[in-house]
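Structure data (mmCIF, C-alpha atoms and all ligand atoms) from target08.cif:
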```cif
data_structure
loop_
_atom_site.group_PDB
_atom_site.id
_atom_site.type_symbol
_atom_site.label_atom_id
_atom_site.label_comp_id
_atom_site.auth_asym_id
_atom_site.auth_seq_id
_atom_site.Cartn_x
_atom_site.Cartn_y
_atom_site.Cartn_z
ATOM 1 C CA MET A 1 8.810 16.677 -34.443
ATOM 2 C CA PRO A 2 9.357 13.092 -35.536
ATOM 3 C CA ASP A 3 12.646 11.659 -34.458
ATOM 4 C CA THR A 4 14.517 9.271 -36.694
ATOM 5 C CA VAL A 5 15.787 6.137 -35.018
ATOM 6 C CA SER A 6 18.203 3.582 -36.390
ATOM 7 C CA THR A 7 15.431 1.614 -38.089
ATOM 8 C CA GLY A 8 14.781 4.577 -40.379
ATOM 9 C CA LEU A 9 11.182 4.695 -39.194
ATOM 10 C CA ARG A 10 9.873 8.047 -38.072
ATOM 11 C CA ARG A 11 9.116 8.084 -34.388
ATOM 12 C CA THR A 12 5.938 9.965 -33.521
ATOM 13 C CA SER A 13 4.737 11.052 -30.126
ATOM 14 C CA PRO A 14 1.317 9.691 -29.076
ATOM 15 C CA LEU A 15 0.568 13.347 -28.244
ATOM 16 C CA ALA A 16 1.811 14.659 -31.607
ATOM 17 C CA ARG A 17 -1.421 16.500 -32.262
ATOM 18 C CA TYR A 18 -0.766 18.706 -29.223
ATOM 19 C CA TRP A 19 2.740 19.683 -30.301
ATOM 20 C CA GLN A 20 3.453 23.238 -31.410
ATOM 21 C CA GLY A 21 5.890 22.796 -34.254
ATOM 22 C CA ALA A 22 8.976 21.131 -32.785
ATOM 23 C CA ASP A 23 7.880 21.765 -29.194
ATOM 24 C CA ALA A 24 6.452 18.817 -27.315
ATOM 25 C CA ALA A 25 2.975 19.062 -25.831
ATOM 26 C CA ARG A 26 2.686 21.340 -22.796
ATOM 27 C CA MET A 27 -0.001 23.311 -21.035
ATOM 28 C CA SER A 28 -0.390 25.182 -17.791
ATOM 29 C CA ALA A 29 -3.065 26.819 -15.699
ATOM 30 C CA GLY A 30 -2.191 28.946 -12.684
ATOM 31 C CA ALA A 31 0.098 26.979 -10.390
ATOM 32 C CA VAL A 32 0.188 23.765 -12.387
ATOM 33 C CA SER A 33 1.864 22.723 -15.626
ATOM 34 C CA VAL A 34 1.726 19.542 -17.621
ATOM 35 C CA GLU A 35 4.356 18.703 -20.190
ATOM 36 C CA GLU A 36 5.110 15.682 -22.256
ATOM 37 C CA LEU A 37 8.592 14.203 -21.823
ATOM 38 C CA PRO A 38 8.774 12.880 -25.366
ATOM 39 C CA PHE A 39 10.447 9.617 -26.300
ATOM 40 C CA GLN A 40 11.483 8.672 -22.762
ATOM 41 C CA GLY A 41 12.911 5.189 -22.555
ATOM 42 C CA VAL A 42 10.942 2.594 -20.597
ATOM 43 C CA ILE A 43 12.249 -0.926 -19.994
ATOM 44 C CA ARG A 44 10.479 -3.727 -18.146
ATOM 45 C CA LEU A 45 12.772 -6.126 -16.314
ATOM 46 C CA GLN A 46 11.394 -9.390 -14.928
ATOM 47 C CA ARG A 47 12.600 -12.638 -13.528
ATOM 48 C CA ARG A 48 10.807 -15.485 -11.779
ATOM 49 C CA GLU A 49 13.113 -15.232 -8.812
ATOM 50 C CA ALA A 50 15.326 -12.302 -7.877
ATOM 51 C CA THR A 51 18.407 -14.244 -6.803
ATOM 52 C CA SER A 52 21.486 -12.436 -5.545
ATOM 53 C CA ALA A 53 23.311 -13.202 -8.831
ATOM 54 C CA PHE A 54 20.478 -11.490 -10.700
ATOM 55 C CA MET A 55 20.254 -8.515 -8.341
ATOM 56 C CA ASN A 56 24.027 -8.011 -8.390
ATOM 57 C CA SER A 57 24.152 -8.070 -12.190
ATOM 58 C CA VAL A 58 21.345 -5.526 -12.399
ATOM 59 C CA ALA A 59 23.103 -3.307 -9.843
ATOM 60 C CA ASP A 60 26.341 -3.526 -11.874
ATOM 61 C CA ILE A 61 24.594 -2.094 -14.907
ATOM 62 C CA LEU A 62 22.333 0.434 -13.188
ATOM 63 C CA GLY A 63 24.957 1.581 -10.726
ATOM 64 C CA ALA A 64 22.421 1.165 -7.916
ATOM 65 C CA GLU A 65 20.440 -1.645 -6.330
ATOM 66 C CA ALA A 66 17.026 -2.350 -7.810
ATOM 67 C CA PRO A 67 14.538 -1.579 -4.998
ATOM 68 C CA VAL A 68 12.922 -4.591 -3.336
ATOM 69 C CA ASP A 69 10.383 -2.755 -1.170
ATOM 70 C CA PRO A 70 6.978 -2.516 -2.875
ATOM 71 C CA ASN A 71 6.162 0.836 -4.474
ATOM 72 C CA THR A 72 9.609 2.348 -4.087
ATOM 73 C CA CYS A 73 12.002 3.632 -6.724
ATOM 74 C CA ALA A 74 15.676 4.499 -6.873
ATOM 75 C CA GLY A 75 17.831 6.702 -9.061
ATOM 76 C CA GLU A 76 16.751 9.269 -11.612
ATOM 77 C CA SER A 77 18.174 8.512 -15.006
ATOM 78 C CA PRO A 78 17.602 5.686 -15.218
ATOM 79 C CA ALA A 79 14.969 5.619 -12.514
ATOM 80 C CA CYS A 80 14.321 2.080 -11.347
ATOM 81 C CA LEU A 81 10.747 1.511 -10.159
ATOM 82 C CA TRP A 82 9.448 -1.529 -8.298
ATOM 83 C CA ALA A 83 6.465 -2.671 -10.387
ATOM 84 C CA ALA A 84 5.625 -6.040 -8.805
ATOM 85 C CA PRO A 85 7.540 -8.772 -6.964
ATOM 86 C CA ASN A 86 10.570 -9.530 -9.181
ATOM 87 C CA GLU A 87 9.575 -6.907 -11.729
ATOM 88 C CA TRP A 88 10.918 -3.395 -12.322
ATOM 89 C CA LEU A 89 10.405 -0.532 -14.747
ATOM 90 C CA LEU A 90 13.433 1.479 -15.807
ATOM 91 C CA VAL A 91 12.842 5.005 -17.064
ATOM 92 C CA THR A 92 15.665 6.533 -19.097
ATOM 93 C CA ALA A 93 16.379 9.663 -21.079
ATOM 94 C CA PRO A 94 15.458 9.529 -24.793
ATOM 95 C CA ASP A 95 17.723 7.294 -26.856
ATOM 96 C CA LYS A 96 19.362 5.739 -23.784
ATOM 97 C CA ASP A 97 16.919 2.836 -23.627
ATOM 98 C CA ARG A 98 18.321 0.506 -26.294
ATOM 99 C CA ALA A 99 21.880 0.664 -25.007
ATOM 100 C CA LEU A 100 20.705 0.035 -21.447
ATOM 101 C CA ALA A 101 18.495 -2.898 -22.463
ATOM 102 C CA ILE A 102 21.332 -4.463 -24.450
ATOM 103 C CA ALA A 103 23.817 -3.943 -21.605
ATOM 104 C CA LEU A 104 21.405 -5.556 -19.138
ATOM 105 C CA GLN A 105 20.700 -8.473 -21.432
ATOM 106 C CA GLN A 106 24.405 -9.111 -22.039
ATOM 107 C CA ARG A 107 25.356 -8.845 -18.384
ATOM 108 C CA LEU A 108 22.501 -11.160 -17.343
ATOM 109 C CA ASP A 109 23.329 -13.667 -20.088
ATOM 110 C CA GLU A 110 26.883 -13.836 -18.742
ATOM 111 C CA ALA A 111 25.865 -14.078 -15.107
ATOM 112 C CA LEU A 112 22.929 -16.461 -15.589
ATOM 113 C CA PRO A 113 23.683 -18.513 -18.702
ATOM 114 C CA GLY A 114 20.694 -20.383 -20.070
ATOM 115 C CA GLU A 115 18.258 -18.850 -17.583
ATOM 116 C CA THR A 116 15.209 -16.856 -18.480
ATOM 117 C CA VAL A 117 15.164 -13.140 -17.837
ATOM 118 C CA ALA A 118 12.794 -10.728 -19.544
ATOM 119 C CA VAL A 119 14.151 -7.353 -20.672
ATOM 120 C CA ALA A 120 11.441 -5.648 -22.717
ATOM 121 C CA LEU A 121 11.591 -2.248 -24.395
ATOM 122 C CA LEU A 122 8.293 -0.475 -23.733
ATOM 123 C CA SER A 123 9.397 3.019 -24.736
ATOM 124 C CA ASP A 124 7.094 3.296 -27.740
ATOM 125 C CA ALA A 125 4.164 1.843 -25.808
ATOM 126 C CA ARG A 126 4.079 4.595 -23.184
ATOM 127 C CA ALA A 127 3.580 8.328 -22.950
ATOM 128 C CA VAL A 128 5.474 10.034 -20.139
ATOM 129 C CA LEU A 129 4.181 13.294 -18.662
ATOM 130 C CA LYS A 130 5.591 15.650 -16.061
ATOM 131 C CA ILE A 131 3.037 17.385 -13.861
ATOM 132 C CA SER A 132 4.556 20.191 -11.826
ATOM 133 C CA GLY A 133 3.768 23.233 -9.744
ATOM 134 C CA ALA A 134 2.165 23.973 -6.407
ATOM 135 C CA ALA A 135 -1.204 22.615 -7.562
ATOM 136 C CA ALA A 136 0.181 19.416 -9.144
ATOM 137 C CA ARG A 137 -0.961 17.270 -6.230
ATOM 138 C CA ASP A 138 -4.453 18.797 -6.216
ATOM 139 C CA LEU A 139 -4.768 18.204 -9.935
ATOM 140 C CA LEU A 140 -3.838 14.534 -9.661
ATOM 141 C CA ALA A 141 -6.086 14.084 -6.630
ATOM 142 C CA LYS A 142 -9.096 14.934 -8.787
ATOM 143 C CA GLY A 143 -8.772 11.605 -10.553
ATOM 144 C CA CYS A 144 -6.527 9.446 -8.382
ATOM 145 C CA SER A 145 -7.408 7.722 -5.117
ATOM 146 C CA LEU A 146 -3.820 7.280 -3.967
ATOM 147 C CA ASP A 147 -2.834 9.086 -0.771
ATOM 148 C CA LEU A 148 -0.656 11.792 -2.354
ATOM 149 C CA ASP A 149 0.243 13.487 0.931
ATOM 150 C CA PRO A 150 4.018 14.107 0.811
ATOM 151 C CA GLY A 151 4.327 12.187 4.091
ATOM 152 C CA GLN A 152 3.053 9.122 2.244
ATOM 153 C CA PHE A 153 4.094 9.707 -1.338
ATOM 154 C CA SER A 154 7.342 11.594 -1.827
ATOM 155 C CA TYR A 155 10.475 11.120 -3.922
ATOM 156 C CA GLY A 156 11.560 7.494 -3.606
ATOM 157 C CA LYS A 157 8.000 6.147 -3.846
ATOM 158 C CA CYS A 158 6.110 5.015 -6.921
ATOM 159 C CA ALA A 159 2.786 3.373 -7.624
ATOM 160 C CA ALA A 160 0.751 1.749 -10.316
ATOM 161 C CA THR A 161 -2.796 3.010 -9.844
ATOM 162 C CA LEU A 162 -5.761 4.487 -11.698
ATOM 163 C CA LEU A 163 -6.101 8.083 -12.871
ATOM 164 C CA GLU A 164 -9.623 8.839 -14.060
ATOM 165 C CA GLN A 165 -10.045 5.041 -14.407
ATOM 166 C CA VAL A 166 -7.011 4.708 -16.656
ATOM 167 C CA PRO A 167 -4.098 2.515 -15.486
ATOM 168 C CA VAL A 168 -1.046 4.690 -14.867
ATOM 169 C CA THR A 169 2.321 4.581 -13.138
ATOM 170 C CA LEU A 170 3.036 7.603 -10.995
ATOM 171 C CA TYR A 171 6.073 8.768 -9.043
ATOM 172 C CA PRO A 172 7.229 12.003 -7.438
ATOM 173 C CA MET A 173 10.326 13.437 -9.130
ATOM 174 C CA ALA A 174 13.446 14.459 -7.216
ATOM 175 C CA ASN A 175 13.880 17.901 -5.677
ATOM 176 C CA GLU A 176 10.752 19.556 -6.984
ATOM 177 C CA SER A 177 7.012 19.451 -6.558
ATOM 178 C CA ALA A 178 6.625 17.447 -9.720
ATOM 179 C CA TYR A 179 5.275 14.046 -10.605
ATOM 180 C CA CYS A 180 6.130 11.741 -13.453
ATOM 181 C CA LEU A 181 3.096 10.036 -14.959
ATOM 182 C CA MET A 182 3.331 7.119 -17.376
ATOM 183 C CA VAL A 183 0.325 5.993 -19.343
ATOM 184 C CA ASP A 184 -0.234 3.499 -22.121
ATOM 185 C CA ARG A 185 0.153 5.121 -25.521
ATOM 186 C CA SER A 186 -3.452 4.627 -26.587
ATOM 187 C CA TYR A 187 -4.751 6.360 -23.449
ATOM 188 C CA ALA A 188 -2.383 9.315 -23.719
ATOM 189 C CA ALA A 189 -4.721 11.660 -25.581
ATOM 190 C CA PHE A 190 -7.617 10.820 -23.260
ATOM 191 C CA ILE A 191 -5.492 11.564 -20.181
ATOM 192 C CA TRP A 192 -4.165 14.760 -21.782
ATOM 193 C CA ASP A 193 -7.693 15.986 -22.497
ATOM 194 C CA TRP A 194 -8.833 15.025 -19.018
ATOM 195 C CA LEU A 195 -5.904 16.903 -17.445
ATOM 196 C CA ALA A 196 -6.607 19.941 -19.659
ATOM 197 C CA HIS A 197 -10.164 20.009 -18.408
ATOM 198 C CA ALA A 198 -9.356 19.180 -14.783
ATOM 199 C CA MET A 199 -6.668 21.870 -14.486
ATOM 200 C CA ARG A 200 -8.944 24.741 -15.509
ATOM 201 C CA GLU A 201 -9.994 25.425 -11.931
ATOM 202 C CA PHE A 202 -6.385 26.228 -10.998
ATOM 203 C CA GLY A 203 -6.157 29.390 -13.047
ATOM 204 C CA GLU A 204 -5.834 31.042 -16.412
ATOM 205 C CA ALA A 205 -4.383 28.870 -19.114
ATOM 206 C CA ALA A 206 -0.992 30.163 -20.206
ATOM 207 C CA LYS A 207 -1.316 28.325 -23.484
ATOM 208 C CA SER A 208 -4.467 26.633 -24.492
ATOM 209 C CA PRO A 209 -4.049 23.122 -25.831
ATOM 210 C CA ASP A 210 -5.462 22.320 -29.240
ATOM 211 C CA GLY A 211 -9.130 21.586 -29.276
ATOM 212 C CA VAL A 212 -9.780 22.832 -25.747
ATOM 213 C CA SER A 213 -10.986 26.367 -25.345
ATOM 214 C CA SER A 214 -10.250 28.039 -22.061
ATOM 215 C CA MET B 1 -15.665 3.335 -1.097
ATOM 216 C CA GLN B 2 -14.111 0.298 0.502
ATOM 217 C CA GLN B 3 -10.336 0.024 0.608
ATOM 218 C CA ILE B 4 -8.650 -3.356 0.258
ATOM 219 C CA ASP B 5 -5.282 -4.042 1.847
ATOM 220 C CA CYS B 6 -3.027 -5.441 -0.897
ATOM 221 C CA PRO B 7 -0.318 -7.600 0.749
ATOM 222 C CA TRP B 8 2.275 -5.671 -1.289
ATOM 223 C CA CYS B 9 0.864 -2.177 -1.870
ATOM 224 C CA GLY B 10 -1.241 -1.601 1.231
ATOM 225 C CA LYS B 11 -4.686 -0.021 1.227
ATOM 226 C CA ARG B 12 -6.055 0.927 -2.183
ATOM 227 C CA ASN B 13 -9.522 1.659 -3.513
ATOM 228 C CA GLU B 14 -11.594 -1.388 -4.330
ATOM 229 C CA THR B 15 -11.811 -0.225 -7.978
ATOM 230 C CA GLU B 16 -8.155 -1.229 -8.429
ATOM 231 C CA PHE B 17 -8.996 -4.870 -7.641
ATOM 232 C CA SER B 18 -10.834 -7.748 -9.257
ATOM 233 C CA CYS B 19 -12.374 -10.750 -7.540
ATOM 234 C CA GLY B 20 -11.412 -14.222 -8.754
ATOM 235 C CA GLY B 21 -14.083 -16.040 -6.756
ATOM 236 C CA GLU B 22 -13.942 -18.532 -3.942
ATOM 237 C CA LEU B 23 -10.541 -20.042 -3.171
ATOM 238 C CA ILE B 24 -10.606 -23.590 -4.531
ATOM 239 C CA SER B 25 -8.004 -26.235 -5.239
ATOM 240 C CA ARG B 26 -7.509 -27.923 -8.559
ATOM 241 C CA PRO B 27 -7.584 -31.753 -8.314
ATOM 242 C CA GLN B 28 -4.023 -32.772 -7.403
ATOM 243 C CA ASP B 29 -4.030 -35.830 -9.626
ATOM 244 C CA ALA B 30 -5.423 -34.292 -12.805
ATOM 245 C CA LEU B 31 -5.402 -37.523 -14.839
ATOM 246 C CA GLY B 32 -6.693 -39.739 -12.030
ATOM 247 C CA ALA B 33 -9.475 -37.389 -10.863
ATOM 248 C CA ASP B 34 -12.960 -38.737 -11.627
ATOM 249 C CA ASP B 35 -15.879 -36.827 -13.112
ATOM 250 C CA LYS B 36 -17.237 -35.942 -9.703
ATOM 251 C CA ALA B 37 -13.946 -34.354 -8.647
ATOM 252 C CA TRP B 38 -13.794 -32.331 -11.868
ATOM 253 C CA THR B 39 -17.454 -31.340 -11.625
ATOM 254 C CA ASP B 40 -16.947 -30.171 -8.040
ATOM 255 C CA TYR B 41 -13.891 -28.192 -9.084
ATOM 256 C CA LEU B 42 -15.467 -26.622 -12.145
ATOM 257 C CA TYR B 43 -19.043 -25.956 -11.095
ATOM 258 C CA PHE B 44 -19.718 -26.224 -7.356
ATOM 259 C CA ARG B 45 -19.007 -23.592 -4.762
ATOM 260 C CA THR B 46 -19.937 -23.510 -1.085
ATOM 261 C CA ASN B 47 -21.683 -20.142 -1.587
ATOM 262 C CA THR B 48 -21.105 -19.226 2.041
ATOM 263 C CA LYS B 49 -23.391 -16.727 3.758
ATOM 264 C CA GLY B 50 -20.898 -14.767 5.830
ATOM 265 C CA VAL B 51 -17.121 -14.705 5.814
ATOM 266 C CA HIS B 52 -15.290 -16.951 3.359
ATOM 267 C CA THR B 53 -11.974 -16.932 1.542
ATOM 268 C CA GLU B 54 -11.631 -15.755 -2.027
ATOM 269 C CA VAL B 55 -8.813 -14.943 -4.415
ATOM 270 C CA TRP B 56 -8.482 -11.315 -5.465
ATOM 271 C CA ARG B 57 -6.085 -9.581 -7.791
ATOM 272 C CA HIS B 58 -4.632 -6.090 -7.530
ATOM 273 C CA THR B 59 -5.316 -5.667 -11.246
ATOM 274 C CA PHE B 60 -4.517 -1.956 -11.571
ATOM 275 C CA GLY B 61 -1.615 -1.958 -9.135
ATOM 276 C CA CYS B 62 0.996 -4.683 -8.672
ATOM 277 C CA ARG B 63 -1.170 -7.224 -10.595
ATOM 278 C CA GLN B 64 -0.625 -9.941 -7.975
ATOM 279 C CA TRP B 65 -3.181 -12.510 -6.865
ATOM 280 C CA PHE B 66 -3.773 -12.889 -3.124
ATOM 281 C CA LYS B 67 -6.250 -14.365 -0.651
ATOM 282 C CA ALA B 68 -8.977 -12.235 0.868
ATOM 283 C CA GLU B 69 -11.622 -13.067 3.431
ATOM 284 C CA ARG B 70 -14.865 -11.373 2.502
ATOM 285 C CA ASN B 71 -18.230 -11.222 4.218
ATOM 286 C CA THR B 72 -20.731 -12.115 1.518
ATOM 287 C CA LEU B 73 -23.546 -10.387 3.431
ATOM 288 C CA THR B 74 -21.840 -7.015 3.863
ATOM 289 C CA HIS B 75 -19.240 -7.265 1.057
ATOM 290 C CA GLN B 76 -16.649 -6.163 3.614
ATOM 291 C CA VAL B 77 -13.156 -7.531 2.951
ATOM 292 C CA VAL B 78 -11.828 -8.304 6.411
ATOM 293 C CA ASN B 79 -8.442 -9.913 5.895
ATOM 294 C CA THR B 80 -5.901 -10.312 3.109
ATOM 295 C CA ARG B 81 -2.822 -12.506 2.751
ATOM 296 C CA LYS B 82 -0.334 -13.591 0.118
ATOM 297 C CA LEU B 83 -1.179 -16.891 -1.594
ATOM 298 C CA SER B 84 1.902 -18.423 0.003
ATOM 299 C CA GLU B 85 0.613 -17.641 3.508
ATOM 300 C CA GLU B 86 -1.653 -19.948 5.493
ATOM 301 C CA THR B 87 -5.374 -19.292 5.432
ATOM 302 C CA GLY B 88 -6.941 -19.126 8.904
ATOM 303 C CA GLU B 89 -9.892 -21.241 10.109
ATOM 304 C CA GLY B 90 -9.534 -23.676 7.233
ATOM 305 C CA HIS B 91 -12.182 -22.038 5.041
ATOM 306 C CA GLY B 92 -12.213 -22.299 1.369
ATOM 307 C CA ASP B 93 -10.108 -25.368 0.831
ATOM 308 C CA HIS B 94 -12.885 -27.818 0.137
ATOM 309 C CA GLY B 95 -11.660 -28.866 -3.318
HETATM 310 ZN ZN ZN C 1 -0.707 -4.466 -4.981
#
```
Mind turning the file's structure into structure tokens?
Ligand SMILES: [Zn+2]
Amino acid sequence: MPDTVSTGLRRTSPLARYWQGADAARMSAGAVSVEELPFQGVIRLQRREATSAFMNSVADILGAEAPVDPNTCAGESPACLWAAPNEWLLVTAPDKDRALAIALQQRLDEALPGETVAVALLSDARAVLKISGAAARDLLAKGCSLDLDPGQFSYGKCAATLLEQVPVTLYPMANESAYCLMVDRSYAAFIWDWLAHAMREFGEAAKSPDGVSS
Amino acid sequence: MQQIDCPWCGKRNETEFSCGGELISRPQDALGADDKAWTDYLYFRTNTKGVHTEVWRHTFGCRQWFKAERNTLTHQVVNTRKLSEETGEGHGDHG
């Protein structure tokens, strides 16, 4: 389960106690499944002012423009999410985060010498979950006040909001009825347990998560 | 539950927001301001009965501060704007 990174430290999922051997945490009930996407890369990118030199440099590295409309996202791997004015979250595949952060930092240093830009690796501070299936929206709606109607919240949108009073970032994934949910590491087990309990009404559990009888 | 219209995110539940109190201005000349100016800034508020302007923050969303007009009798938030936008009717800026 633990993954060895270049530091030699063993990387451990915040949901390690729900893993089955080498398989990351997952559970399902009827038409909804929840799975951990372990060790996803998360990078926070910030600047006081998003000048065209900054935006162009970011686009060079990402291969797409960083979205400027609030609560929208672009791309898939990396996905680039608007987080606040002049602030974005980049979500990458495992082990792609460091290279991307370094490439961004180098490109921005060249383009904006001496200016302050924040490129922060948050990968180990977040748990990333995928919630999928026909009942995914109903499951999230039990703890989230966002309007999740596909007319309002479909692929290309994202939001920071509360799920069962826990701060989360949520976005619909491309081409499927699935959502990506990011939560701070220390809340991950609480959210997992809440989801396990909340999803029971949607059907028989295919695999019961540790510590929760179904 | 009341929804508040974040100038960036649109309408969200009130639980995502925090109130920063009445909109006030820090003394412009911090070193030259006398005790009365500092006391007014630190301790005194108009405590309006009715609609006045406050600063609110979308704490569990985009984390931005903005201006909101709120009716202190009904708690209804009636209008929101970015900090950079003008406040109507001249309320709030009594600092
Ligand atoms: Zn907002």
Would you give me, as a PDB file with C-alpha atoms, in the coordinates of the input, the residues of chain A that come within 12 Å of chain B, using all atoms listed in the file?
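As a result, part08.pdb now contains:
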```
ATOM      1  CA  VAL A  68      12.922  -4.591  -3.336  1.00  0.00           C
ATOM      2  CA  ASP A  69      10.383  -2.755  -1.170  1.00  0.00           C
ATOM      3  CA  PRO A  70       6.978  -2.516  -2.875  1.00  0.00           C
ATOM      4  CA  ASN A  71       6.162   0.836  -4.474  1.00  0.00           C
ATOM      5  CA  THR A  72       9.609   2.348  -4.087  1.00  0.00           C
ATOM      6  CA  LEU A  81      10.747   1.511 -10.159  1.00  0.00           C
ATOM      7  CA  TRP A  82       9.448  -1.529  -8.298  1.00  0.00           C
ATOM      8  CA  ALA A  83       6.465  -2.671 -10.387  1.00  0.00           C
ATOM      9  CA  ALA A  84       5.625  -6.040  -8.805  1.00  0.00           C
ATOM     10  CA  PRO A  85       7.540  -8.772  -6.964  1.00  0.00           C
ATOM     11  CA  ASN A  86      10.570  -9.530  -9.181  1.00  0.00           C
ATOM     12  CA  GLU A  87       9.575  -6.907 -11.729  1.00  0.00           C
ATOM     13  CA  TRP A  88      10.918  -3.395 -12.322  1.00  0.00           C
ATOM     14  CA  LEU A  89      10.405  -0.532 -14.747  1.00  0.00           C
ATOM     15  CA  CYS A 144      -6.527   9.446  -8.382  1.00  0.00           C
ATOM     16  CA  SER A 145      -7.408   7.722  -5.117  1.00  0.00           C
ATOM     17  CA  LEU A 146      -3.820   7.280  -3.967  1.00  0.00           C
ATOM     18  CA  ASP A 147      -2.834   9.086  -0.771  1.00  0.00           C
ATOM     19  CA  GLN A 152       3.053   9.122   2.244  1.00  0.00           C
ATOM     20  CA  LYS A 157       8.000   6.147  -3.846  1.00  0.00           C
ATOM     21  CA  CYS A 158       6.110   5.015  -6.921  1.00  0.00           C
ATOM     22  CA  ALA A 159       2.786   3.373  -7.624  1.00  0.00           C
ATOM     23  CA  ALA A 160       0.751   1.749 -10.316  1.00  0.00           C
ATOM     24  CA  THR A 161      -2.796   3.010  -9.844  1.00  0.00           C
ATOM     25  CA  LEU A 162      -5.761   4.487 -11.698  1.00  0.00           C
ATOM     26  CA  LEU A 163      -6.101   8.083 -12.871  1.00  0.00           C
ATOM     27  CA  GLU A 164      -9.623   8.839 -14.060  1.00  0.00           C
ATOM     28  CA  GLN A 165     -10.045   5.041 -14.407  1.00  0.00           C
ATOM     29  CA  VAL A 166      -7.011   4.708 -16.656  1.00  0.00           C
ATOM     30  CA  PRO A 167      -4.098   2.515 -15.486  1.00  0.00           C
ATOM     31  CA  VAL A 168      -1.046   4.690 -14.867  1.00  0.00           C
ATOM     32  CA  THR A 169       2.321   4.581 -13.138  1.00  0.00           C
ATOM     33  CA  LEU A 170       3.036   7.603 -10.995  1.00  0.00           C
TER      34      LEU A 170
END
```
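Take the candidates B:Glu14, B:Glu86, B:Gly50, B:Met1 and check each one against Lys67 (chain B) using only C-alpha atoms; the shortest distance goes to B:Glu86.
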- Need the neighbours of (-27.1, -14.5, 4.6): which residues are at most 8 Å away, counting all atoms listed in the file, as a PyMOL selection string? chain B and resi 49-50+72-73
Keeping C-alpha atoms for every residue in the selection just given, could you write it to a file as a short mmCIF file (atom, residue, chain, number, x, y, z; two decimals), in the coordinates of the input?
```cif
data_model
loop_
_atom_site.label_atom_id
_atom_site.label_comp_id
_atom_site.auth_asym_id
_atom_site.auth_seq_id
_atom_site.Cartn_x
_atom_site.Cartn_y
_atom_site.Cartn_z
CA LYS B 49 -23.39 -16.73 3.76
CA GLY B 50 -20.90 -14.77 5.83
CA THR B 72 -20.73 -12.12 1.52
CA LEU B 73 -23.55 -10.39 3.43
#
```
- Message: Since I can't run it myself right now, could you work out what the PyMOL selection byres (((chain B and resi 23) around 8) and not hetatm) selects here and report it as number ranges by chain?
- Response: B: 21-22, 24-25, 53-55, 67, 92-93
Expected selection from the PyMOL selection byres (((chain A and resi 173-176) around 9) and not hetatm), given as a PDB file with C-alpha atoms, in the frame of the given file:
```
ATOM      1  CA  GLU A  76      16.751   9.269 -11.612  1.00  0.00           C
ATOM      2  CA  LYS A 130       5.591  15.650 -16.061  1.00  0.00           C
ATOM      3  CA  SER A 132       4.556  20.191 -11.826  1.00  0.00           C
ATOM      4  CA  GLY A 133       3.768  23.233  -9.744  1.00  0.00           C
ATOM      5  CA  SER A 154       7.342  11.594  -1.827  1.00  0.00           C
ATOM      6  CA  TYR A 155      10.475  11.120  -3.922  1.00  0.00           C
ATOM      7  CA  GLY A 156      11.560   7.494  -3.606  1.00  0.00           C
ATOM      8  CA  TYR A 171       6.073   8.768  -9.043  1.00  0.00           C
ATOM      9  CA  PRO A 172       7.229  12.003  -7.438  1.00  0.00           C
ATOM     10  CA  SER A 177       7.012  19.451  -6.558  1.00  0.00           C
ATOM     11  CA  ALA A 178       6.625  17.447  -9.720  1.00  0.00           C
ATOM     12  CA  TYR A 179       5.275  14.046 -10.605  1.00  0.00           C
ATOM     13  CA  CYS A 180       6.130  11.741 -13.453  1.00  0.00           C
TER      14      CYS A 180
END
```
- Query: Expressed in Å to a single decimal, how great is the separation between CA of Gln3 (chain B) and CA of Ala136 (chain A)?
  - Reply: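 A separation of 24.1 Å between them.
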Excluding Leu129 (chain A) and its own-chain neighbours fewer than 6 positions away, which residues fall within 9 Å of it when counting all atoms listed in the file? Please give them as a CSV table (one decimal) with C-alpha atoms, keeping the file's coordinate frame.
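Everything below was put into around-v9.csv:
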```csv
chain,number,residue,atom,x,y,z
A,34,VAL,CA,1.7,19.5,-17.6
A,35,GLU,CA,4.4,18.7,-20.2
A,36,GLU,CA,5.1,15.7,-22.3
A,37,LEU,CA,8.6,14.2,-21.8
A,38,PRO,CA,8.8,12.9,-25.4
A,179,TYR,CA,5.3,14.0,-10.6
A,180,CYS,CA,6.1,11.7,-13.5
A,181,LEU,CA,3.1,10.0,-15.0
A,182,MET,CA,3.3,7.1,-17.4
A,183,VAL,CA,0.3,6.0,-19.3
```
- Message: Applying 7 Å and all atoms listed in the file, which residues near region 76-85 of chain B remain after dropping the ones on its own chain fewer than 4 positions away? List them as a PyMOL selection string.
- Response: chain B and resi 4-7+66-71
